[in-house]
Amino acid sequence: MAAGLWALLLLVPLGAAVYEDQVGKFDWRQQYVGKLKFASLEAAQGSKKLLAATQQNVVAALSSRNGEILWRHVDKGTPEGAIDAMLVHGQDAITVSNAGRILRSWETNIGGLNWETSLDTGSFQTASLVGLQDTVKYVAVLKKAAISLHYLSNGHLKWVEHLPESESTRYQLLYSRGTGVIHVLGIVPQSHLNVLTFSVEDGEITEQTKVAAPWLKSLNGACSVVGEAVLVCADVDTHSLYVCSLETEQEMKQIPLQSLDLEFADGFQPRVLATQPNLINASRTQFFLQLSPTHFSLLQYKHGLLSHLRDFQQAALVSFATTGEKTVAAVLTCRSELKPVNSDDLYAGNALEDSQKQESLTCSNQTYNINLYLVETGQRLLDTTITFNLEHNGAKPEQLYIQVFLKKDDSVGYRALVQTEDHMLMFLQQPGKVLWSREESLAEVVSLEMVDLPLTGAQAELEGEFGKKADGLLGMFLKRLSSQLILLQAWTAHLWKMFYDARKPRSQIKNEINIDNLARDEFNLQKMMVMVTASGKLFGIESSSGTILWKQYLRNVRPGASFKLMVQRTTAHFPHPPQCTLLVKDKETKMSFLYVFNPIFGKRSQVAPPVLKRQILQTLLLPIMDQDYAKVLLLIDDEYKVTAFPATKNVLRQLEEIAHSIFFYLVDAEQGRLSGFRLKKDLTTEEIWEVFISPEVQKIVAVKGKRSNEHVHSQGRVMGDRSVLYKSLNPNLLAVVTESTDTHHERTFVGIYLIDGVTGRIIHSSVQKKAKGPVHMVHSENWVVYQYWNTKARRNEFTVLELYEGTEQYNATAFSSLDRPLLPQVLQQSYIFPSAISAMEATITERGITSRHLLIGLPSGAILSLPKALLDPRRPEIPTEQTREENLIPYSPDVQIHAERFINYNQTVSQIRGIYTAPSGLESTCLVVAYGLDIYQTRVYPSKQFDVLKDDYDYVLISSVLFGLVFATMITKRLAQVKLLNRAWR
Amino acid sequence: MNLFIMYMAGNTISIFPAMMVGMMGWRLLQALLSLSTTLKLLESSSARLLQGLVFLVGNGLGLALALYKCQAMGLLPTHASDWLALVAPPQDWTLSRHA
């Protein structure tokens, strides 16, 4: 009976879902596609979409009118979903993904899947469409040891053939021009080329030739096929081009570049760029030869003759495009001269090395031109210049795609899609109008902080009044009056706006948020989200609407760098501006630099950060402040020396005073070493403890402390008999998760260690046998929740650990890690979870009174809000009077996923990588941002909205009842008086 | 009679038992506060002191009963858990929280 009741209680939703009319009121989602890998623009003026396949394993169609996503298909975020090639023919887009395992065809208008076939294993090389007698009927896929031909209409296999000598030969190129044969080119490095000719009809090898090419190392880039199956290769050593007709010749013909007055730049691997091969006819005989990073030449090879059509100096990117009979070359050039980057522009000199210098040529005024040239003659087409400026972000263009079309007067018009280094997509129209732009770097958010918005001018005025020195009674009084007047003015303006807006329909009200009218709202629900993306671009996004208010590109960040974002000064210290510090660590050199900026306006701060000459191992943000209210940041380098920032005299003096109480830990996952250090007065350190976890048996995968801004309101839990079970709240506690190196499903295990970060004492350790990662963990208050895969039962499981001191507190007033004679009691329970997990985080509120929920990002894109009460190791197996008194839910091993606990209803977040939570000014409300391919922002109320009136509160009813009662009282009073008077007269 | 009512009221906390206990306690307190007037009434009596004492003890017993009832109902803040919300977190003197 009781169990049934409990089950019923559990079925009642805990108020996580939203009502229909609340959709989009507090939450927003932004969808992205990621950095382009392949793109295709239709060559027609009226075309409405452009197709893209991206590094984030997405196939999508973007509207060419406004850049919105028309449809999008997201594959797995792992390398299994990686797209290797995309070919577009008519209404079909063919993609090869999962290292050449899967071939798919998409209907490009609505994004439906036409068909899907799986291919044999073998490393993928290239794919190409194959035409036969005026129609494109097949798609050919070249693997390391085989070539297969599939029908375009249904994906069925026509034939598959093994390639001869595939162990020694690397087959890399495919070429077909509608003549019924496919040429496959393979290379034996520094020996010869293997040219195979397959018949399209039956896959028979009709011809096999060997072409000597002892100078050639790789086909990709250096070689291309132009015209009627003519192979053109560039060789840097002999400064010449080699040409060879695949159909008739068996020898490479050498053409020295001097005969064309051209020369390769030193140390640059030249590239040959051919036109998009025409699938039915021969491709154009013209091609680009890239001589240096910024020097391209348009050449032509016709009838055995190589001629030079045009030279392009200072060109950043080139591209070919065809419409009807016309083929044009688009060239993107810098308007002024390209110059090496000035060292002043770089934030830290050491992040850039000599090898990069060549690439770091930038356009001095960031203005670029795109021009069209007719390929047959190399002539520039008149009125085809697009000029655009990238001054605001300072990034270089990286890819160029052209959409050309014939206008009514037969002239050529075009639009250009440009992708810059910072993963921004721009769609440009003549003569330089940006039709739309997309910030695709937001698909790779790596770090995020929420910063309070500053007070408004009026609020700041009021605050400032108390801050200033008193200048006489009258002066103060006048100042107070004036500031009150300003407040009154602001209030009336606000009222007027409300009145004005109330008459308009809701959809028309536009609350334009821009950087000038940013102000904190009364409950501090609106914040500035500072996002760091993998490309090195920083964004400032207003949290209530998702408007990007500022963006800043850090040019000297290389791919794979790791970031750490810290808020050194909040907005609370007017007039000092808020200050954020970003620590960027390069992946290869391990060198770091600091970037200090204002998180509200995105401007680089005037404060000069210290130049870091050594590798930084650990950072520590101390609660002590300098005279400008900036928190002190300690950086520990690989010699265990400490650099303080800011390093003013005041700070150094404070540090000297409290040095004995500053501890930090270092993790060396490779060596399996955890070590603790203590700061000495001269900013050196001494090692005080070390824990060694043998890397031969297990490797450290995660180390997590508690969040520094976390408040715990209640120091214990009330038991059924009204005694208190005190929580063991050790702020220095670290949770260390290890995974076994042995991955056999019988012997694999997950270990967890709870280690005091000051003393190195192992407070608890346990091993979960037959379990393996990836482990997701949340460490908060007095509990740790982690999730792993149980290999024996083949399911996902949660384990929760809770630490209690017992019914007595050892020391109620002061806490010290050094004085803990009693080990805490550790309670533990495990649960079955029916799904895998992508990300996990706990809610956090201002004072920690509200109950906690776990926010769990599922691979399906949903975010589940799971009450922590369900993961409570005190849940009894057999409920008793006392546990009922305590409101403990009886233990049941499975935790269910209820759809009404999804905080993002149908707004799924693809490829969730992280969830960020931040407290708001309301105790009941926690702000949530989930990021992955998409970004989703919402608010959650783990204990419902107990401190604010509900959204649908009936003000009209309540006030009308109130007024009615007052009115009734007045009337009855009058009636009573009249009656009394009448009685007195009687 | 009070004893019987208290017994019948039970130990659950709901509005009626709470009101009953409250009323009982309040009446007794009022009676004690008006001790002087009661004593004035007894001025004529010979065994004034004894009667006064009996009144006092009687009322005291009633009050004790009310208190006991409160205790049984769990209305008195006598447990550590009743003061838990006011317990401040212990201060940590070490600085080791990482940003």
# chains A, B, ... in the order shown; residues from 1 in each chain; ligands from 1
call {"tool": "select_by_dssp", "arguments": {"residues": "chain B", "states": "alpha helix (DSSP H)", "output": "PyMOL selection string"}}
result
chain B and resi 2-9+15-33+35-41+48-73
call {"tool": "interface_residues", "arguments": {"of": "chain A", "to": "chain B", "cutoff": "7 Å", "atoms": "only C-alpha atoms", "output": "MDAnalysis selection string"}}
result
chainID A and resid 566 619:622 661:664 708 714:715 718 722:724 732 812:816
call {"tool": "write_last_selection", "arguments": {"atoms": "N, CA, C and O atoms", "output": "mmCIF file, in the first residue's frame"}}
result
data_model
loop_
_atom_site.group_PDB
_atom_site.id
_atom_site.type_symbol
_atom_site.label_atom_id
_atom_site.label_comp_id
_atom_site.auth_asym_id
_atom_site.auth_seq_id
_atom_site.Cartn_x
_atom_site.Cartn_y
_atom_site.Cartn_z
ATOM 1 N N MET A 566 38.389 33.302 -16.006
ATOM 2 C CA MET A 566 38.196 33.641 -14.598
ATOM 3 C C MET A 566 37.684 35.071 -14.474
ATOM 4 O O MET A 566 38.114 35.941 -15.221
ATOM 5 N N THR A 619 46.199 27.271 -11.646
ATOM 6 C CA THR A 619 45.836 28.644 -11.303
ATOM 7 C C THR A 619 45.004 28.623 -10.033
ATOM 8 O O THR A 619 44.334 27.648 -9.739
ATOM 9 N N LEU A 620 45.074 29.708 -9.317
ATOM 10 C CA LEU A 620 44.348 29.809 -8.052
ATOM 11 C C LEU A 620 43.827 31.236 -7.939
ATOM 12 O O LEU A 620 44.611 32.186 -7.985
ATOM 13 N N LEU A 621 42.511 31.382 -7.872
ATOM 14 C CA LEU A 621 41.923 32.715 -7.741
ATOM 15 C C LEU A 621 41.601 32.931 -6.264
ATOM 16 O O LEU A 621 40.741 32.257 -5.711
ATOM 17 N N LEU A 622 42.329 33.852 -5.648
ATOM 18 C CA LEU A 622 42.174 34.042 -4.202
ATOM 19 C C LEU A 622 41.078 35.055 -3.918
ATOM 20 O O LEU A 622 40.830 35.944 -4.722
ATOM 21 N N SER A 661 48.719 30.145 4.692
ATOM 22 C CA SER A 661 47.417 29.474 4.609
ATOM 23 C C SER A 661 46.990 29.227 3.160
ATOM 24 O O SER A 661 45.849 28.884 2.910
ATOM 25 N N ILE A 662 47.911 29.442 2.213
ATOM 26 C CA ILE A 662 47.551 29.215 0.807
ATOM 27 C C ILE A 662 48.126 27.878 0.360
ATOM 28 O O ILE A 662 49.341 27.655 0.404
ATOM 29 N N PHE A 663 47.234 27.020 -0.057
ATOM 30 C CA PHE A 663 47.627 25.678 -0.502
ATOM 31 C C PHE A 663 47.111 25.469 -1.914
ATOM 32 O O PHE A 663 46.092 26.032 -2.298
ATOM 33 N N PHE A 664 47.795 24.670 -2.671
ATOM 34 C CA PHE A 664 47.250 24.283 -3.968
ATOM 35 C C PHE A 664 47.746 22.892 -4.314
ATOM 36 O O PHE A 664 48.672 22.368 -3.697
ATOM 37 N N SER A 708 33.610 27.378 -6.284
ATOM 38 C CA SER A 708 33.990 28.342 -5.254
ATOM 39 C C SER A 708 32.826 29.260 -4.885
ATOM 40 O O SER A 708 32.813 29.824 -3.805
ATOM 41 N N SER A 714 22.157 24.835 4.823
ATOM 42 C CA SER A 714 21.901 23.974 5.966
ATOM 43 C C SER A 714 23.134 23.125 6.270
ATOM 44 O O SER A 714 23.675 22.490 5.379
ATOM 45 N N GLN A 715 23.546 23.131 7.524
ATOM 46 C CA GLN A 715 24.756 22.406 7.895
ATOM 47 C C GLN A 715 24.516 20.933 8.190
ATOM 48 O O GLN A 715 25.441 20.203 8.500
ATOM 49 N N VAL A 718 17.900 16.929 9.067
ATOM 50 C CA VAL A 718 17.054 16.598 10.198
ATOM 51 C C VAL A 718 16.588 15.152 10.039
ATOM 52 O O VAL A 718 16.068 14.765 9.005
ATOM 53 N N ARG A 722 14.283 13.799 15.022
ATOM 54 C CA ARG A 722 14.561 15.221 15.222
ATOM 55 C C ARG A 722 15.980 15.509 15.698
ATOM 56 O O ARG A 722 16.272 16.608 16.150
ATOM 57 N N SER A 723 16.862 14.559 15.566
ATOM 58 C CA SER A 723 18.264 14.876 15.790
ATOM 59 C C SER A 723 18.851 15.342 14.459
ATOM 60 O O SER A 723 18.176 15.339 13.448
ATOM 61 N N VAL A 724 20.089 15.776 14.484
ATOM 62 C CA VAL A 724 20.705 16.325 13.268
ATOM 63 C C VAL A 724 21.854 15.437 12.821
ATOM 64 O O VAL A 724 22.690 15.022 13.627
ATOM 65 N N ASN A 732 37.901 21.841 0.839
ATOM 66 C CA ASN A 732 39.131 21.499 0.109
ATOM 67 C C ASN A 732 39.083 20.103 -0.490
ATOM 68 O O ASN A 732 40.097 19.622 -0.997
ATOM 69 N N ALA A 812 32.260 23.504 15.466
ATOM 70 C CA ALA A 812 31.178 24.201 14.786
ATOM 71 C C ALA A 812 31.574 25.585 14.300
ATOM 72 O O ALA A 812 30.897 26.165 13.469
ATOM 73 N N THR A 813 32.655 26.128 14.807
ATOM 74 C CA THR A 813 32.973 27.513 14.462
ATOM 75 C C THR A 813 34.055 27.647 13.405
ATOM 76 O O THR A 813 33.996 28.519 12.558
ATOM 77 N N ALA A 814 35.042 26.796 13.460
ATOM 78 C CA ALA A 814 36.145 26.949 12.503
ATOM 79 C C ALA A 814 36.403 25.623 11.814
ATOM 80 O O ALA A 814 36.251 24.553 12.400
ATOM 81 N N PHE A 815 36.806 25.702 10.575
ATOM 82 C CA PHE A 815 37.114 24.499 9.837
ATOM 83 C C PHE A 815 38.591 24.493 9.506
ATOM 84 O O PHE A 815 39.151 25.500 9.083
ATOM 85 N N SER A 816 39.221 23.377 9.678
ATOM 86 C CA SER A 816 40.601 23.259 9.249
ATOM 87 C C SER A 816 40.852 21.836 8.780
ATOM 88 O O SER A 816 40.512 20.873 9.456
#
call {"tool": "residues_around", "arguments": {"residues": "Asn598 in chain A", "least_positions_apart": "5", "cutoff": "8 Å", "atoms": "only C-alpha atoms", "output": "list in words"}}
result
Pro577, Pro578, Gln579, Cys580, Lys603, Arg604 and Ser605 of chain A
call {"tool": "closest_residue", "arguments": {"among": "A:Ile658, A:Ala222, A:Gln399, A:Val243", "to": "Leu305 in chain A", "atoms": "only C-alpha atoms"}}
result
A:Val243
call {"tool": "closest_residue", "arguments": {"among": "B:Leu75, B:Leu29, B:Leu61, B:Ala18", "to": "Leu3 in chain B", "atoms": "only C-alpha atoms"}}
result
B:Leu61
call {"tool": "select_by_dssp", "arguments": {"residues": "range 8-246 of chain A", "states": "strand (DSSP E)", "output": "JSON, numbers by chain"}}
result
{"A": [28, 29, 30, 36, 37, 38, 39, 40, 41, 49, 50, 51, 52, 53, 54, 58, 59, 60, 61, 62, 63, 69, 70, 71, 72, 73, 74, 83, 84, 85, 86, 87, 88, 89, 92, 93, 94, 95, 96, 97, 102, 103, 104, 105, 106, 107, 113, 114, 115, 116, 117, 118, 124, 125, 126, 127, 128, 129, 130, 131, 132, 135, 136, 137, 138, 139, 140, 141, 142, 143, 146, 147, 148, 149, 150, 151, 157, 158, 159, 160, 161, 162, 170, 171, 172, 173, 174, 175, 181, 182, 183, 184, 185, 186, 187, 188, 192, 193, 194, 195, 196, 197, 198, 199, 205, 206, 207, 208, 209, 210, 211, 212, 223, 224, 225, 226, 230, 231, 232, 233, 234, 235, 240, 241, 242, 243, 244, 245]}
call {"tool": "residues_around", "arguments": {"residues": "Thr648 in chain A", "least_positions_apart": "5", "cutoff": "9 Å", "atoms": "only C-alpha atoms", "output": "PDB file with N, CA and C atoms, in the first residue's frame"}}
result
ATOM      1  N   ASP A 626      43.182  43.485  -4.457  1.00  0.00           N
ATOM      2  CA  ASP A 626      44.094  44.623  -4.399  1.00  0.00           C
ATOM      3  C   ASP A 626      43.263  45.878  -4.155  1.00  0.00           C
ATOM      4  N   GLN A 627      43.902  47.049  -4.162  1.00  0.00           N
ATOM      5  CA  GLN A 627      43.158  48.273  -3.823  1.00  0.00           C
ATOM      6  C   GLN A 627      42.112  48.614  -4.873  1.00  0.00           C
ATOM      7  N   ARG A 653      52.180  42.366  -0.215  1.00  0.00           N
ATOM      8  CA  ARG A 653      52.213  42.440   1.245  1.00  0.00           C
ATOM      9  C   ARG A 653      51.140  41.524   1.851  1.00  0.00           C
TER      10      ARG A 653
END
call {"tool": "closest_residue", "arguments": {"among": "B:Leu42, B:Val57, B:Ala64, B:Met73", "to": "Ala9 in chain B", "atoms": "only C-alpha atoms"}}
result
B:Met73
call {"tool": "residues_around", "arguments": {"residues": "range 66-70 of chain B", "least_positions_apart": "5", "cutoff": "12 Å", "atoms": "only C-alpha atoms", "output": "short mmCIF file (atom, residue, chain, number, x, y, z; two decimals) with all heavy atoms, in the first residue's frame"}}
result
data_model
loop_
_atom_site.label_atom_id
_atom_site.label_comp_id
_atom_site.auth_asym_id
_atom_site.auth_seq_id
_atom_site.Cartn_x
_atom_site.Cartn_y
_atom_site.Cartn_z
N ASN B 2 -9.32 18.64 31.47
CA ASN B 2 -8.24 19.06 30.58
C ASN B 2 -7.42 17.88 30.12
O ASN B 2 -7.07 17.76 28.95
CB ASN B 2 -7.33 20.07 31.30
CG ASN B 2 -7.81 21.49 31.04
OD1 ASN B 2 -8.57 21.70 30.08
ND2 ASN B 2 -7.42 22.40 31.88
N LEU B 3 -7.10 17.01 31.09
CA LEU B 3 -6.30 15.82 30.79
C LEU B 3 -6.96 15.00 29.70
O LEU B 3 -6.34 14.59 28.73
CB LEU B 3 -6.16 14.96 32.05
CG LEU B 3 -4.82 15.00 32.75
CD1 LEU B 3 -4.90 14.19 34.03
CD2 LEU B 3 -3.73 14.49 31.84
N PHE B 4 -8.28 14.82 29.89
CA PHE B 4 -9.03 14.00 28.94
C PHE B 4 -9.02 14.64 27.55
O PHE B 4 -8.73 13.98 26.54
CB PHE B 4 -10.47 13.83 29.44
CG PHE B 4 -11.30 12.99 28.52
CD1 PHE B 4 -11.05 11.61 28.43
CD2 PHE B 4 -12.29 13.55 27.72
CE1 PHE B 4 -11.81 10.84 27.57
CE2 PHE B 4 -13.04 12.77 26.87
CZ PHE B 4 -12.80 11.41 26.79
N ILE B 5 -9.25 15.93 27.53
CA ILE B 5 -9.27 16.62 26.23
C ILE B 5 -7.90 16.47 25.56
O ILE B 5 -7.79 16.15 24.38
CB ILE B 5 -9.62 18.12 26.42
CG1 ILE B 5 -11.09 18.27 26.80
CG2 ILE B 5 -9.33 18.89 25.13
CD1 ILE B 5 -11.49 19.66 27.15
N MET B 6 -6.86 16.68 26.38
CA MET B 6 -5.51 16.60 25.83
C MET B 6 -5.23 15.21 25.29
O MET B 6 -4.64 15.04 24.23
CB MET B 6 -4.47 16.94 26.91
CG MET B 6 -4.43 18.40 27.28
SD MET B 6 -4.00 19.48 25.95
CE MET B 6 -5.55 20.19 25.49
N TYR B 7 -5.72 14.23 26.05
CA TYR B 7 -5.50 12.85 25.62
C TYR B 7 -6.22 12.60 24.30
O TYR B 7 -5.68 12.03 23.36
CB TYR B 7 -5.98 11.87 26.70
CG TYR B 7 -5.98 10.43 26.22
CD1 TYR B 7 -4.77 9.75 26.04
CD2 TYR B 7 -7.17 9.76 25.95
CE1 TYR B 7 -4.77 8.45 25.59
CE2 TYR B 7 -7.16 8.45 25.51
CZ TYR B 7 -5.95 7.80 25.32
OH TYR B 7 -5.94 6.51 24.87
N MET B 8 -7.44 13.08 24.24
CA MET B 8 -8.25 12.86 23.04
C MET B 8 -7.69 13.60 21.83
O MET B 8 -7.84 13.16 20.69
CB MET B 8 -9.70 13.31 23.27
CG MET B 8 -10.48 12.42 24.20
SD MET B 8 -10.54 10.72 23.66
CE MET B 8 -11.71 10.85 22.32
N ALA B 9 -7.06 14.74 22.12
CA ALA B 9 -6.58 15.57 21.00
C ALA B 9 -5.50 14.89 20.19
O ALA B 9 -5.35 15.15 19.00
CB ALA B 9 -6.08 16.91 21.52
N GLY B 10 -4.73 14.03 20.82
CA GLY B 10 -3.69 13.30 20.08
C GLY B 10 -2.45 14.15 19.84
O GLY B 10 -2.43 15.35 20.16
N ASN B 11 -1.44 13.55 19.27
CA ASN B 11 -0.15 14.22 19.12
C ASN B 11 0.12 14.76 17.72
O ASN B 11 1.20 15.23 17.43
CB ASN B 11 0.98 13.26 19.50
CG ASN B 11 1.20 13.29 20.99
OD1 ASN B 11 0.70 14.18 21.68
ND2 ASN B 11 1.92 12.30 21.49
N THR B 12 -0.84 14.63 16.84
CA THR B 12 -0.60 15.16 15.50
C THR B 12 -0.77 16.67 15.52
O THR B 12 -1.53 17.21 16.32
CB THR B 12 -1.60 14.57 14.49
OG1 THR B 12 -2.91 14.76 15.02
CG2 THR B 12 -1.35 13.09 14.24
N ILE B 13 -0.03 17.31 14.64
CA ILE B 13 -0.13 18.76 14.59
C ILE B 13 -1.16 19.13 13.54
O ILE B 13 -0.95 18.97 12.36
CB ILE B 13 1.23 19.39 14.25
CG1 ILE B 13 2.24 19.01 15.32
CG2 ILE B 13 1.11 20.90 14.14
CD1 ILE B 13 3.64 19.44 15.02
N PRO B 17 -6.21 20.44 17.56
CA PRO B 17 -5.41 20.17 18.75
C PRO B 17 -4.52 21.35 19.12
O PRO B 17 -4.40 21.69 20.31
CB PRO B 17 -4.57 18.97 18.34
CG PRO B 17 -5.32 18.32 17.26
CD PRO B 17 -6.04 19.41 16.54
N ALA B 18 -3.96 21.99 18.12
CA ALA B 18 -3.08 23.13 18.41
C ALA B 18 -3.88 24.24 19.08
O ALA B 18 -3.42 24.85 20.06
CB ALA B 18 -2.44 23.62 17.12
N MET B 19 -5.09 24.48 18.59
CA MET B 19 -5.94 25.52 19.18
C MET B 19 -6.30 25.17 20.62
O MET B 19 -6.28 26.02 21.51
CB MET B 19 -7.21 25.70 18.36
CG MET B 19 -7.13 26.88 17.42
SD MET B 19 -8.40 26.81 16.16
CE MET B 19 -9.87 26.90 17.13
N MET B 20 -6.62 23.89 20.82
CA MET B 20 -7.00 23.45 22.17
C MET B 20 -5.86 23.68 23.15
O MET B 20 -6.06 24.26 24.22
CB MET B 20 -7.35 21.96 22.15
CG MET B 20 -8.72 21.68 21.58
SD MET B 20 -8.91 19.91 21.44
CE MET B 20 -10.53 19.83 20.72
N VAL B 21 -4.70 23.23 22.75
CA VAL B 21 -3.54 23.39 23.64
C VAL B 21 -3.26 24.86 23.88
O VAL B 21 -3.02 25.29 25.02
CB VAL B 21 -2.29 22.69 23.03
CG1 VAL B 21 -1.06 22.95 23.88
CG2 VAL B 21 -2.52 21.21 22.90
N GLY B 22 -3.36 25.62 22.80
CA GLY B 22 -3.10 27.06 22.91
C GLY B 22 -4.09 27.70 23.86
O GLY B 22 -3.70 28.47 24.75
N MET B 23 -5.37 27.39 23.71
CA MET B 23 -6.40 27.98 24.55
C MET B 23 -6.18 27.62 26.02
O MET B 23 -6.29 28.46 26.91
CB MET B 23 -7.79 27.48 24.12
CG MET B 23 -8.33 28.14 22.88
SD MET B 23 -8.34 29.94 23.00
CE MET B 23 -9.69 30.15 24.15
N MET B 24 -5.85 26.33 26.22
CA MET B 24 -5.64 25.86 27.60
C MET B 24 -4.50 26.63 28.26
O MET B 24 -4.66 27.18 29.35
CB MET B 24 -5.33 24.38 27.53
CG MET B 24 -5.11 23.75 28.88
SD MET B 24 -4.72 22.01 28.62
CE MET B 24 -3.79 21.71 30.08
N GLY B 25 -3.41 26.68 27.51
CA GLY B 25 -2.24 27.37 28.06
C GLY B 25 -2.57 28.83 28.32
O GLY B 25 -2.24 29.40 29.37
N TRP B 26 -3.24 29.44 27.40
CA TRP B 26 -3.55 30.86 27.49
C TRP B 26 -4.47 31.16 28.68
O TRP B 26 -4.23 32.12 29.41
CB TRP B 26 -4.18 31.30 26.17
CG TRP B 26 -4.46 32.76 26.09
CD1 TRP B 26 -5.66 33.36 25.91
CD2 TRP B 26 -3.49 33.81 26.22
NE1 TRP B 26 -5.53 34.71 25.91
CE2 TRP B 26 -4.20 35.02 26.10
CE3 TRP B 26 -2.12 33.84 26.45
CZ2 TRP B 26 -3.57 36.26 26.18
CZ3 TRP B 26 -1.49 35.07 26.53
CH2 TRP B 26 -2.21 36.26 26.39
N ARG B 27 -5.51 30.30 28.85
CA ARG B 27 -6.43 30.49 29.97
C ARG B 27 -5.69 30.41 31.30
O ARG B 27 -5.88 31.25 32.18
CB ARG B 27 -7.52 29.41 29.93
CG ARG B 27 -8.72 29.79 29.05
CD ARG B 27 -10.03 29.28 29.66
NE ARG B 27 -9.97 27.90 30.08
CZ ARG B 27 -10.15 26.85 29.27
NH1 ARG B 27 -10.40 27.05 27.98
NH2 ARG B 27 -10.07 25.63 29.73
N LEU B 28 -4.84 29.41 31.39
CA LEU B 28 -4.08 29.24 32.64
C LEU B 28 -3.17 30.43 32.89
O LEU B 28 -3.04 30.92 34.00
CB LEU B 28 -3.27 27.95 32.58
CG LEU B 28 -4.13 26.67 32.62
CD1 LEU B 28 -3.30 25.47 32.26
CD2 LEU B 28 -4.75 26.52 34.01
N LEU B 29 -2.54 30.88 31.83
CA LEU B 29 -1.65 32.04 31.97
C LEU B 29 -2.43 33.26 32.44
O LEU B 29 -2.00 33.98 33.33
CB LEU B 29 -0.99 32.35 30.63
CG LEU B 29 0.40 31.73 30.41
CD1 LEU B 29 0.93 32.10 29.04
CD2 LEU B 29 1.37 32.18 31.49
N ASN B 59 -3.01 25.75 38.86
CA ASN B 59 -2.74 26.39 37.59
C ASN B 59 -1.39 26.00 37.03
O ASN B 59 -1.24 25.77 35.82
CB ASN B 59 -2.81 27.91 37.73
CG ASN B 59 -4.25 28.39 37.62
OD1 ASN B 59 -5.02 27.83 36.83
ND2 ASN B 59 -4.61 29.35 38.43
N GLY B 60 -0.40 25.90 37.93
CA GLY B 60 0.96 25.49 37.52
C GLY B 60 0.94 24.12 36.90
O GLY B 60 1.55 23.90 35.84
N LEU B 61 0.18 23.22 37.52
CA LEU B 61 0.08 21.85 36.99
C LEU B 61 -0.54 21.88 35.59
O LEU B 61 -0.07 21.22 34.67
CB LEU B 61 -0.77 20.98 37.92
CG LEU B 61 -0.01 20.30 39.06
CD1 LEU B 61 -0.99 19.53 39.95
CD2 LEU B 61 1.04 19.34 38.50
N LEU B 75 6.25 20.82 19.53
CA LEU B 75 6.20 22.26 19.25
C LEU B 75 7.29 23.04 19.96
O LEU B 75 7.50 24.20 19.68
CB LEU B 75 4.83 22.82 19.64
CG LEU B 75 3.66 22.35 18.77
CD1 LEU B 75 2.36 22.91 19.30
CD2 LEU B 75 3.87 22.80 17.33
N LEU B 76 7.99 22.39 20.88
CA LEU B 76 9.03 23.11 21.62
C LEU B 76 10.38 22.93 20.92
O LEU B 76 10.73 21.82 20.52
CB LEU B 76 9.12 22.60 23.06
CG LEU B 76 7.89 22.84 23.92
CD1 LEU B 76 8.18 22.41 25.36
CD2 LEU B 76 7.49 24.30 23.91
N PRO B 77 11.12 24.00 20.77
CA PRO B 77 12.42 23.90 20.08
C PRO B 77 13.49 23.35 21.01
O PRO B 77 14.37 24.07 21.44
CB PRO B 77 12.70 25.33 19.65
CG PRO B 77 11.99 26.17 20.63
CD PRO B 77 10.82 25.39 21.14
N THR B 78 13.39 22.08 21.32
CA THR B 78 14.33 21.50 22.26
C THR B 78 15.39 20.64 21.59
O THR B 78 16.33 20.19 22.24
CB THR B 78 13.59 20.63 23.28
OG1 THR B 78 12.73 19.75 22.54
CG2 THR B 78 12.77 21.46 24.23
#
call {"tool": "atom_distance", "arguments": {"atom1": "CA of Leu927 in chain A", "atom2": "CA of Glu522 in chain A"}}
result
15.2 Å
call {"tool": "atom_distance", "arguments": {"atom1": "CA of Thr456 in chain A", "atom2": "CA of Ser544 in chain A"}}
result
17.0 Å
call {"tool": "residues_around", "arguments": {"residues": "Glu247 in chain A", "least_positions_apart": "4", "cutoff": "9 Å", "atoms": "only C-alpha atoms", "output": "list in words"}}
result
His183, Thr197, Glu228, Ala229 and Val230 of chain A
call {"tool": "residues_around", "arguments": {"residues": "Thr843 in chain A", "least_positions_apart": "2", "cutoff": "10 Å", "atoms": "only C-alpha atoms", "output": "ChimeraX atom specification"}}
result
/A:780,841,845,848,850-855,865,867-868,915-919,925-928,940-942
call {"tool": "atom_distance", "arguments": {"atom1": "CA of Lys681 in chain A", "atom2": "CA of Val642 in chain A"}}
result
10.7 Å
